[in-house]
Every structure is written in C-alpha cells, then in structure tokens.
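Student: Just one file: input-v2.txt, with compact mmCIF, C-alpha atoms.
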# COMPACT_ATOMS: atom_id res chain seq x y z
CA MET H 2 -14.44 5.07 -0.09
CA GLN H 3 -17.86 5.97 -1.42
CA TYR H 4 -19.48 4.09 -4.31
CA ARG H 5 -21.96 5.35 -6.86
CA THR H 6 -23.92 3.89 -9.74
CA LEU H 7 -22.33 4.62 -13.10
CA GLY H 8 -25.13 6.37 -14.97
CA ARG H 9 -27.89 3.90 -15.80
CA THR H 10 -25.60 0.86 -16.05
CA GLY H 11 -26.11 -0.61 -12.59
CA VAL H 12 -22.30 -0.82 -12.21
CA GLN H 13 -20.96 0.44 -8.89
CA VAL H 14 -17.78 2.51 -9.07
CA SER H 15 -15.67 4.31 -6.50
CA SER H 16 -16.04 8.08 -6.12
CA LEU H 17 -12.30 8.35 -6.80
CA ALA H 18 -11.00 6.65 -9.94
CA LEU H 19 -7.37 5.91 -10.75
CA GLY H 20 -6.20 7.65 -13.90
CA ALA H 21 -3.15 6.09 -15.53
CA MET H 22 -1.94 8.95 -17.73
CA ASN H 23 1.26 9.23 -15.68
CA PHE H 24 2.17 5.57 -16.15
CA GLY H 25 5.17 5.33 -18.47
CA ALA H 26 7.08 8.04 -20.26
CA ILE H 27 4.72 10.93 -19.43
CA GLY H 28 5.13 10.51 -15.69
CA ARG H 29 8.54 8.84 -15.90
CA THR H 30 7.22 5.89 -13.89
CA THR H 31 8.53 2.34 -14.02
CA GLN H 32 6.38 -0.78 -14.10
CA ASP H 33 7.13 -1.47 -10.43
CA GLU H 34 6.05 2.04 -9.48
CA ALA H 35 2.86 1.80 -11.52
CA THR H 36 2.02 -1.59 -10.01
CA ALA H 37 2.60 -0.24 -6.50
CA VAL H 38 0.18 2.63 -7.20
CA VAL H 39 -2.43 0.22 -8.56
CA ASP H 40 -1.99 -2.09 -5.55
CA ALA H 41 -2.44 0.76 -3.08
CA ALA H 42 -5.42 2.19 -4.96
CA LEU H 43 -7.24 -1.14 -5.04
CA GLU H 44 -6.48 -1.75 -1.37
CA ALA H 45 -8.02 1.64 -0.57
CA GLY H 46 -11.23 0.68 -2.38
CA ILE H 47 -10.77 2.25 -5.80
CA ASN H 48 -12.28 -0.09 -8.39
CA LEU H 49 -12.24 2.05 -11.56
CA ILE H 50 -9.03 2.43 -13.59
CA ASP H 51 -8.99 4.79 -16.58
CA THR H 52 -6.32 4.90 -19.27
CA ALA H 53 -6.09 5.66 -23.02
CA ASP H 54 -4.27 4.41 -26.08
CA ILE H 55 -2.40 7.68 -26.53
CA TYR H 56 -0.92 7.82 -23.03
CA SER H 57 2.82 7.37 -23.61
CA GLY H 58 2.03 5.83 -26.98
CA GLY H 59 0.30 2.77 -25.51
CA GLU H 60 2.79 2.23 -22.68
CA SER H 61 0.21 3.19 -20.05
CA GLU H 62 -2.17 0.48 -21.26
CA GLU H 63 0.63 -2.07 -21.18
CA MET H 64 1.56 -1.12 -17.61
CA VAL H 65 -2.06 -1.21 -16.46
CA GLY H 66 -2.46 -4.63 -18.03
CA ARG H 67 0.54 -6.02 -16.18
CA ALA H 68 -0.53 -4.40 -12.91
CA ILE H 69 -4.05 -5.87 -12.93
CA ALA H 70 -3.09 -9.36 -14.14
CA GLY H 71 -4.92 -11.99 -12.12
CA ARG H 72 -7.56 -9.62 -10.78
CA ARG H 73 -9.18 -8.27 -13.93
CA ASP H 74 -12.72 -9.16 -12.87
CA ASP H 75 -12.47 -7.05 -9.72
CA ILE H 76 -11.82 -3.88 -11.73
CA VAL H 77 -13.97 -1.63 -13.88
CA LEU H 78 -11.49 -1.06 -16.70
CA ALA H 79 -11.82 1.96 -18.96
CA THR H 80 -9.76 3.16 -21.90
CA LYS H 81 -10.12 5.67 -24.70
CA ALA H 82 -9.41 6.05 -28.41
CA GLY H 83 -9.56 8.79 -31.00
CA MET H 84 -6.43 10.87 -30.50
CA PRO H 85 -3.67 10.53 -33.15
CA MET H 86 -1.61 7.35 -32.82
CA GLY H 87 1.01 8.32 -35.38
CA ASP H 88 1.30 10.31 -38.57
CA GLU H 89 -1.02 8.14 -40.67
CA ARG H 90 -4.15 10.22 -41.16
CA ASN H 91 -6.56 7.34 -40.52
CA HIS H 92 -4.90 6.26 -37.28
CA ARG H 93 -7.12 8.59 -35.27
CA GLY H 94 -10.70 9.76 -34.97
CA ALA H 95 -13.99 7.97 -34.48
CA SER H 96 -14.52 6.13 -37.76
CA ARG H 97 -15.60 2.49 -37.75
CA ARG H 98 -12.36 1.60 -39.54
CA TRP H 99 -10.16 3.03 -36.81
CA LEU H 100 -12.21 2.11 -33.73
CA VAL H 101 -12.42 -1.56 -34.70
CA THR H 102 -8.67 -1.68 -35.32
CA GLU H 103 -7.60 0.34 -32.31
CA LEU H 104 -9.79 -1.52 -29.83
CA ASP H 105 -7.98 -4.72 -30.77
CA ASN H 106 -4.68 -2.90 -30.22
CA SER H 107 -5.82 -1.70 -26.80
CA LEU H 108 -7.03 -5.17 -25.79
CA ARG H 109 -3.65 -6.61 -26.79
CA ARG H 110 -1.74 -3.98 -24.82
CA LEU H 111 -3.98 -4.43 -21.78
CA GLY H 112 -3.83 -8.22 -22.02
CA VAL H 113 -7.60 -8.61 -21.69
CA ASP H 114 -10.45 -9.82 -23.89
CA HIS H 115 -12.77 -6.89 -23.15
CA VAL H 116 -12.90 -3.47 -21.53
CA ASP H 117 -15.79 -2.31 -19.39
CA LEU H 118 -15.90 1.22 -20.75
CA TYR H 119 -14.59 2.34 -24.15
CA GLN H 120 -14.57 6.12 -24.59
CA ILE H 121 -14.23 8.41 -27.60
CA HIS H 122 -11.41 10.68 -26.46
CA ARG H 123 -12.63 13.77 -28.33
CA TRP H 124 -15.56 14.50 -30.61
CA ASP H 125 -14.52 13.85 -34.21
CA PRO H 126 -16.22 16.35 -36.56
CA SER H 127 -15.34 14.19 -39.59
CA ALA H 128 -17.27 11.13 -38.36
CA ALA H 129 -21.06 11.10 -38.28
CA ASP H 130 -22.67 10.09 -34.99
CA GLU H 131 -24.32 7.15 -36.74
CA GLU H 132 -20.94 5.92 -37.99
CA THR H 133 -19.37 5.99 -34.54
CA LEU H 134 -22.36 4.71 -32.58
CA SER H 135 -23.01 1.82 -34.96
CA ALA H 136 -19.36 0.72 -34.72
CA LEU H 137 -19.44 0.93 -30.91
CA THR H 138 -22.74 -0.93 -30.78
CA ASP H 139 -21.30 -3.74 -32.90
CA LEU H 140 -18.21 -3.94 -30.69
CA GLN H 141 -20.48 -4.13 -27.68
CA ARG H 142 -22.52 -6.93 -29.21
CA ALA H 143 -19.31 -8.77 -30.04
CA GLY H 144 -18.46 -8.74 -26.32
CA LYS H 145 -15.30 -6.65 -26.69
CA ILE H 146 -16.72 -3.74 -24.71
CA ARG H 147 -19.44 -3.69 -22.07
CA TYR H 148 -20.35 0.00 -22.36
CA PHE H 149 -19.11 3.05 -24.20
CA GLY H 150 -18.88 6.74 -23.47
CA SER H 151 -17.60 10.11 -24.62
CA SER H 152 -14.86 12.39 -23.36
CA THR H 153 -14.76 16.19 -23.43
CA PHE H 154 -17.76 16.48 -25.75
CA PRO H 155 -19.59 19.81 -26.04
CA ALA H 156 -23.07 19.64 -24.56
CA TYR H 157 -24.81 19.95 -27.91
CA ARG H 158 -22.83 16.99 -29.27
CA LEU H 159 -24.02 14.85 -26.36
CA VAL H 160 -27.59 15.74 -27.26
CA GLN H 161 -26.99 15.01 -30.95
CA ALA H 162 -25.53 11.61 -30.09
CA GLU H 163 -28.52 10.77 -27.91
CA TRP H 164 -30.91 11.52 -30.75
CA ALA H 165 -28.79 9.67 -33.31
CA ALA H 166 -28.81 6.58 -31.09
CA ARG H 167 -32.59 6.74 -30.73
CA ALA H 168 -33.17 7.28 -34.43
CA GLY H 169 -30.86 4.43 -35.42
CA ARG H 170 -31.88 2.12 -32.56
CA LEU H 171 -28.26 1.98 -31.47
CA SER H 172 -26.71 1.73 -28.03
CA ARG H 173 -26.14 5.05 -26.27
CA TYR H 174 -23.19 6.66 -24.60
CA VAL H 175 -23.46 5.88 -20.89
CA THR H 176 -20.77 8.27 -19.65
CA GLU H 177 -19.10 11.58 -20.34
CA GLN H 178 -15.58 12.44 -19.16
CA PRO H 179 -15.14 16.23 -18.93
CA SER H 180 -12.54 18.45 -17.29
CA TYR H 181 -13.89 19.89 -14.03
CA SER H 182 -12.38 21.65 -11.05
CA ILE H 183 -12.96 24.63 -8.79
CA LEU H 184 -10.98 26.71 -11.28
CA GLN H 185 -12.74 25.37 -14.38
CA ARG H 186 -16.49 25.30 -13.72
CA GLY H 187 -17.81 25.99 -17.22
CA ILE H 188 -19.41 22.57 -17.61
CA GLU H 189 -21.89 23.50 -14.89
CA THR H 190 -23.68 25.72 -17.40
CA ASP H 191 -24.36 23.13 -20.09
CA VAL H 192 -22.59 19.76 -19.98
CA LEU H 193 -23.68 18.69 -16.49
CA PRO H 194 -27.35 19.63 -17.02
CA VAL H 195 -27.31 17.52 -20.20
CA THR H 196 -25.72 14.53 -18.48
CA GLU H 197 -28.33 14.73 -15.73
CA GLU H 198 -31.14 14.97 -18.30
CA TYR H 199 -29.97 11.85 -20.13
CA GLY H 200 -28.73 9.85 -17.15
CA LEU H 201 -25.06 9.79 -18.13
CA GLY H 202 -22.40 8.92 -15.59
CA VAL H 203 -19.74 11.62 -15.28
CA LEU H 204 -16.05 10.85 -14.71
CA VAL H 205 -14.25 14.15 -14.29
CA TRP H 206 -10.59 14.63 -15.15
CA SER H 207 -8.12 17.19 -13.83
CA PRO H 208 -10.02 17.83 -10.57
CA LEU H 209 -6.78 19.32 -9.17
CA ALA H 210 -6.54 21.66 -12.18
CA SER H 211 -3.18 20.30 -13.41
CA GLY H 212 -1.69 20.79 -9.95
CA TRP H 213 -2.95 24.30 -9.25
CA LEU H 214 -5.10 22.87 -6.44
CA SER H 215 -2.56 20.39 -5.09
CA GLY H 216 -1.25 22.74 -2.41
CA ALA H 217 2.16 22.89 -4.09
CA ILE H 218 1.45 26.15 -5.94
CA ARG H 219 1.28 29.21 -3.72
CA GLU H 220 2.14 32.90 -3.88
CA GLY H 221 5.88 33.53 -3.54
CA ARG H 222 6.93 29.97 -4.31
CA ASP H 223 8.67 28.77 -7.44
CA ILE H 224 6.34 26.55 -9.47
CA THR H 225 8.21 23.27 -9.90
CA THR H 226 5.42 20.75 -10.45
CA SER H 227 5.85 17.98 -13.01
CA ARG H 228 3.16 19.46 -15.24
CA SER H 229 4.80 22.90 -15.23
CA THR H 230 7.99 21.49 -16.73
CA PHE H 231 6.35 20.54 -20.02
CA MET H 232 3.47 23.06 -20.04
CA PRO H 233 5.21 26.23 -18.82
CA ASP H 234 2.75 28.61 -20.48
CA ARG H 235 -0.01 27.34 -18.22
CA PHE H 236 1.96 28.32 -15.11
CA ASP H 237 3.47 31.64 -16.16
CA ILE H 238 1.94 34.05 -13.65
CA THR H 239 2.53 37.01 -15.95
CA VAL H 240 -0.32 35.60 -18.04
CA PRO H 241 -3.58 37.16 -16.78
CA ALA H 242 -5.47 33.86 -16.61
CA ASN H 243 -2.69 32.28 -14.56
CA ARG H 244 -2.54 35.31 -12.27
CA ALA H 245 -6.29 34.94 -11.72
CA ARG H 246 -5.79 31.28 -10.87
CA LEU H 247 -3.07 32.03 -8.37
CA ASP H 248 -5.19 34.71 -6.71
CA ALA H 249 -8.06 32.23 -6.47
CA VAL H 250 -5.75 29.57 -5.02
CA GLU H 251 -4.67 31.92 -2.24
CA ARG H 252 -8.28 32.62 -1.30
CA LEU H 253 -9.17 28.92 -1.53
CA ALA H 254 -6.26 28.08 0.76
CA GLU H 255 -7.89 30.28 3.41
CA VAL H 256 -11.19 28.45 2.92
CA ALA H 257 -9.43 25.10 3.31
CA ASP H 258 -7.55 26.21 6.42
CA GLU H 259 -10.71 27.46 8.11
CA ALA H 260 -12.44 24.14 7.33
CA GLY H 261 -9.48 22.09 8.58
CA LEU H 262 -8.90 20.59 5.15
CA THR H 263 -5.99 20.23 2.77
CA MET H 264 -6.25 21.87 -0.63
CA ILE H 265 -6.55 18.41 -2.18
CA GLN H 266 -9.46 17.52 0.10
CA LEU H 267 -11.15 20.81 -0.76
CA ALA H 268 -10.65 20.29 -4.50
CA LEU H 269 -11.77 16.67 -4.67
CA GLY H 270 -14.58 17.19 -2.18
CA PHE H 271 -15.88 20.00 -4.37
CA VAL H 272 -16.15 18.02 -7.61
CA THR H 273 -17.59 14.89 -5.98
CA ALA H 274 -20.22 17.01 -4.21
CA HIS H 275 -21.97 17.83 -7.49
CA PRO H 276 -24.95 15.48 -7.91
CA ALA H 277 -24.12 14.93 -11.60
CA VAL H 278 -20.58 13.71 -10.90
CA THR H 279 -19.99 9.98 -10.44
CA SER H 280 -16.21 9.85 -9.92
CA ALA H 281 -13.21 12.14 -9.87
CA ILE H 282 -10.22 10.76 -11.76
CA ILE H 283 -6.98 11.22 -9.86
CA GLY H 284 -3.68 10.76 -11.69
CA PRO H 285 -0.95 10.19 -9.10
CA ARG H 286 2.61 9.82 -10.31
CA THR H 287 3.93 8.44 -7.02
CA LEU H 288 2.64 6.59 -3.96
CA ASP H 289 2.94 9.78 -1.92
CA HIS H 290 0.74 11.59 -4.42
CA LEU H 291 -1.80 8.78 -4.23
CA ARG H 292 -1.90 8.78 -0.43
CA SER H 293 -2.45 12.53 -0.29
CA GLN H 294 -5.38 12.17 -2.68
CA LEU H 295 -6.87 9.13 -0.98
CA ALA H 296 -7.22 11.28 2.13
CA ALA H 297 -10.08 13.00 0.30
CA ALA H 298 -12.05 9.80 -0.28
CA ASP H 299 -14.44 10.49 2.63
CA THR H 300 -14.45 14.28 2.38
CA VAL H 301 -17.91 15.81 2.45
CA LEU H 302 -17.95 19.58 2.22
CA SER H 303 -20.50 21.52 4.23
CA ALA H 304 -22.85 24.00 2.60
CA ASP H 305 -20.86 26.85 4.19
CA VAL H 306 -17.63 25.64 2.56
CA LEU H 307 -19.31 25.20 -0.81
CA ASP H 308 -20.76 28.70 -0.52
CA ALA H 309 -17.29 30.06 0.27
CA ILE H 310 -15.91 28.35 -2.86
CA ASP H 311 -18.68 29.97 -4.91
CA GLU H 312 -17.54 33.34 -3.60
CA VAL H 313 -14.04 32.72 -4.92
CA VAL H 314 -14.97 31.23 -8.32
CA ALA H 315 -18.53 31.83 -9.42
CA PRO H 316 -20.58 28.83 -10.63
CA GLY H 317 -20.18 28.17 -14.34
CA THR H 318 -16.93 30.16 -14.59
CA ASP H 319 -13.74 29.01 -16.30
CA LEU H 320 -10.73 30.98 -15.09
CA ALA H 321 -8.76 29.72 -18.10
CA PRO H 322 -11.35 29.40 -20.88
CA HIS H 323 -8.60 29.18 -23.52
CA GLU H 324 -7.63 25.77 -22.11
CA LYS H 325 -10.97 24.15 -22.82
CA PHE H 326 -10.87 21.17 -25.17
CA ASP H 327 -14.46 21.23 -26.41
CA THR H 328 -14.36 24.43 -28.45
CA PRO H 329 -16.57 24.13 -31.57
CA PRO H 330 -14.44 23.86 -34.72
CA ALA H 331 -15.96 27.00 -36.22
CA LEU H 332 -14.38 29.08 -33.46
CA LEU H 333 -10.94 27.74 -34.34
CA ASP H 334 -11.11 27.70 -38.15
CA PRO H 335 -12.25 30.96 -39.79
CA SER H 336 -13.25 29.18 -43.00
CA LEU H 337 -16.03 27.38 -41.10
CA ARG H 338 -17.77 30.62 -40.15
CA ARG H 339 -17.61 32.41 -43.49
CA ARG H 340 -19.62 31.85 -46.64
Let's see the structure in the file written out as structure tokens.
Tutor:
Amino acid sequence: MQYRTLGRTGVQVSSLALGAMNFGAIGRTTQDEATAVVDAALEAGINLIDTADIYSGGESEEMVGRAIAGRRDDIVLATKAGMPMGDERNHRGASRRWLVTELDNSLRRLGVDHVDLYQIHRWDPSAADEETLSALTDLQRAGKIRYFGSSTFPAYRLVQAEWAARAGRLSRYVTEQPSYSILQRGIETDVLPVTEEYGLGVLVWSPLASGWLSGAIREGRDITTSRSTFMPDRFDITVPANRARLDAVERLAEVADEAGLTMIQLALGFVTAHPAVTSAIIGPRTLDHLRSQLAAADTVLSADVLDAIDEVVAPGTDLAPHEKFDTPPALLDPSLRRR
C-alpha cells in the first residue's frame, strides 16, 4: 500500500480508501459482512474509511461505527452531509442549522466523538459560502471535526469557497471528492488544476465507473452487475453514451492484456497516477470484490500504458457527460438563464 499526504493537512492516508456506500441496504450487506470487509481492508494497509449520512439512510454509518469499535484512532474517518435525509425541506443542504444538527446525528450513528473529515456532499446553491464555512469552522473549533472538505463541487465553486474563507478568515476546505475514471475524465480540464493550485487533497469516487471497468462488462455478455439492477439506463447499450463506453472498455481490455494487468488494476492505477489525486475510493460489496481491488494497491502504470489509455479516451473527456453531478443549476432550470 502506498501512502500520501492529504492535501496540506500533514495526515498520511492510503492511496486506496474504503468507501462504505454498499454497507447496509444499498449493497444488501450484513453487519458481519461489512466488518469482515473493514477487517481485511485495514489488514491490507487501508487507513481511510469514507461513508455518508445518506447511505442506506444512516445504516452505513452505523455499520462502520460497529466495525471500527476499539480501533478508532488508527483510522482516518470521513463522512458527508448535505443530501436529503427525509421529506422535511430543512433536513438537507449546507446551512448552519442543518450541518450542526446532522453532524451530531452522524457522530451518534458512528459511535465516535469526532470525525477526521466532514464533507459537504454536494454544493448547495441556497447556502452562501460564508454560512457553510463559518458553521464548519465552528464545528472544527469545537473539536467535533478535524478537517472539512467538499464533494463533487464545480471548479468555480471551489475557487469561490477559497476566496470566501480568506475574506472571512475562516478555515478552508482541505479536500475535494470528485468522480473520476478512465471513462469520465472531465475533471482534468478544471477541477484537478484548481485542487493543485490550492493544495486540496483529492479523494476520487467511482474509479471503476460504476462497474464498467471491473472486467465484468464485456461485449457479448449480459450485464448483471449489482449497479445495473437499479440503474438500468446507465447500462443499456442501445444508448449512444453506453455504446461508446462499451467500445472503450473493449479497447482498454486489450491495453490491460498487453500490460499483463487486470481491468481493475488498469483502472485504479490510472486514477492514482494523476499527481493531483490522493486516494481512490473503492466500494467493495464483498470480500472477493475487495481482494480483486486490493491487487491494484501497488500498481504503477508505465508511460506507454498511460499513453495507450489516452488514445482510447482523450484527456479531459467524459464519455457520459449527462451523468455528471456538478452541472451548474442554470443549465438544469431554464428560469435561471432567462430575464
């Protein structure tokens, strides 16, 4: 396992991080299964665990808390808030009111008195940067969080938050958590240059592109991955974007074979090769999934392999741009772009 400094914090984290989204109802995992995955991940050298309040309605946090009991101080523990936690309109977002309340809920579910990294799950257009940053700074000073970060923020919002923190003499975001894979490279054009400019650590999610790069999806095979069962539109190969992904996967499989690598090693080795990336978040549902991903912990891709990947998917290209989660609101709501 490789270790890297998390932004400017001085904290050392593993280049692979354990994502807990599949713990609980989403991944249909039991507590024993989740604990076994955590045990194996820690034994392999992973020291960063990432979860969120919304994952299975808080069940993931509860399972993580039980799994790490007695060894909390050996783990860099991260969670997130901001996505809707029910129908009540104020039980979401990045307001002071909600973040103060929901952090206490997360701490209770996790069974800890603080988290190392508290992340805003999505940019909240209704909350001013000063509102959010001042609340997070106060929570940090209260000892309930050590650091805080953002997740899936557009590049310009990262810049705005940096300037708001400076103007208000508030603590800054220390990390960004974007989606990044061989098939979704759009953040190379703007987000990653901004994180490098401001010294943010980068924890990338979906490095296997929701299973497209797992090796299980190939031409001529039925797509039966767990993700495809509840997101069928993203795997319907009659959709042009999905057809493009499948074509790219076939070419990438040739690159992997020639390099003597699995598709998982190729995919994880690619994202961790970028100098702006700190860790790739893997989200195994089973021990077998975890073991196949841990095999990529030492993978270092040669320049020839990286060049071959660039030939398949050009730098800065998203093969499925409609699946991005950082689209500015004005592109989604016509009323915001009309006088």
Student: Report, in Å to a single decimal, how far apart CA of Val313 in chain H and CA of Ala249 in chain H are.
Tutor: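 According to the coordinates, CA of Ala249 in chain H and CA of Val313 in chain H are separated by 6.2 Å.
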Student: Between CA of Asp319 in chain H and CA of Phe149 in chain H, what is the distance in Å, rounded to a tenth?
Tutor: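 According to the coordinates, CA of Asp319 in chain H and CA of Phe149 in chain H are separated by 27.7 Å.
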Student: Quick check, in Å to one decimal: how far apart do CA of Ile310 in chain H and CA of Asp191 in chain H lie?
Tutor: 19.9 Å
Student: Each residue of range 231-267 of chain H lying at most 8 Å from range 293-304 of chain H should get a row with its shortest atom-to-atom pair and the distance in Å to one decimal, counting all atoms listed in the file; could you produce that, ordered by chain and increasing number, as a tab-separated table?
Tutor:
residue	atom	partner	partner_atom	distance
H:Ile265	CA	H:Gln294	CA	6.4
H:Gln266	CA	H:Ala297	CA	4.6
H:Leu267	CA	H:Leu302	CA	7.5
Student: Measuring between all atoms listed in the file, which one of H:Tyr56, H:Tyr181, H:Trp164, H:Phe24 shows the shortest distance to Ser280 in chain H?
Tutor: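 Closest to Ser280 in chain H, using all atoms listed in the file: H:Tyr181.
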Student: Point out the residue among H:Thr102, H:Thr10, H:Ser61, H:Ser15 with the least atom-to-atom distance to Leu118 in chain H, counting all atoms listed in the file.
Tutor: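 Distance minimum relative to Leu118 in chain H lands on H:Thr10.
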Student: When distances are computed from all atoms listed in the file, which of H:Lys81, H:Arg97, H:His323, H:His115 shows the smallest separation from Arg147 in chain H?
Tutor: H:His115
Student: With all atoms listed in the file as the atoms that count, which of H:Val12, H:Ala35, H:Ala68, H:Val116 lies nearest to Gly284 in chain H?
Tutor: H:Ala35
Student: Which of these, H:Glu44, H:Glu198, H:Ala321, H:Ile183, has the shortest distance to Ala268 in chain H once you count only C-alpha atoms?
Tutor: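 Using only C-alpha atoms, the shortest distance to Ala268 in chain H belongs to H:Ile183.
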Student: Excluding Arg286 in chain H and residues on its chain fewer than 5 positions from it, collect all residues at most 9 Å away from it, counting all atoms listed in the file, and give them as a list in words.
Tutor: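 Non-adjacent residues within range: Ala21, Met22, Asn23, Phe24, Gly28, Arg29, Thr30, Glu34, Ala35, Val38 and Leu291 of chain H.
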Student: Would you please work out which residue, of H:Val77, H:Ile47, H:Val278, H:Leu104, is nearest to Gly59 in chain H when using only C-alpha atoms?
Tutor: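 Answer, going by the shortest atom-to-atom distance: H:Leu104.
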Student: Fewer than 2 positions away in the same chain doesn't count, so skip those; otherwise give me all residues within 6 Å of range 203-212 of chain H, counting all atoms listed in the file, as number ranges by chain.
Tutor: H: 176-182, 214-215, 278-282
Student: Is it possible to get the axis-aligned box enclosing range 3-9 of chain H (all listed atoms, 5 Å extra per side) as JSON, with centre and edge lengths in Å rounded to one decimal?
Tutor:
{"center_x": -22.9, "center_y": 5.1, "center_z": -8.6, "size_x": 20.0, "size_y": 12.5, "size_z": 24.4}
Student: For a cutoff of 9 Å around the file-coordinate point (-19.3, 1.1, -34.7), which residues qualify once you count all atoms listed in the file? I'd like the result as a list of chain:residue names.
Tutor: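 Those residues, ordered by chain and then number, are H:Ala95, H:Ser96, H:Arg97, H:Arg98, H:Leu100, H:Val101, H:Glu131, H:Glu132, H:Thr133, H:Leu134, H:Ser135, H:Ala136, H:Leu137, H:Thr138, H:Asp139, H:Leu140, H:Gln141.
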Student: Would you list the contacts of range 122-124 of chain H as a short mmCIF file (atom, residue, chain, number, x, y, z; two decimals) with C-alpha atoms, in the coordinates of the input, taking every protein, DNA or RNA residue within 7 Å and counting all atoms listed in the file, but skipping same-chain residues closer than 3 positions in sequence?
Tutor:
data_model
loop_
_atom_site.label_atom_id
_atom_site.label_comp_id
_atom_site.auth_asym_id
_atom_site.auth_seq_id
_atom_site.Cartn_x
_atom_site.Cartn_y
_atom_site.Cartn_z
CA LYS H 81 -10.12 5.67 -24.70
CA ALA H 82 -9.41 6.05 -28.41
CA GLY H 83 -9.56 8.79 -31.00
CA MET H 84 -6.43 10.87 -30.50
CA SER H 151 -17.60 10.11 -24.62
CA SER H 152 -14.86 12.39 -23.36
CA THR H 153 -14.76 16.19 -23.43
CA PHE H 154 -17.76 16.48 -25.75
#
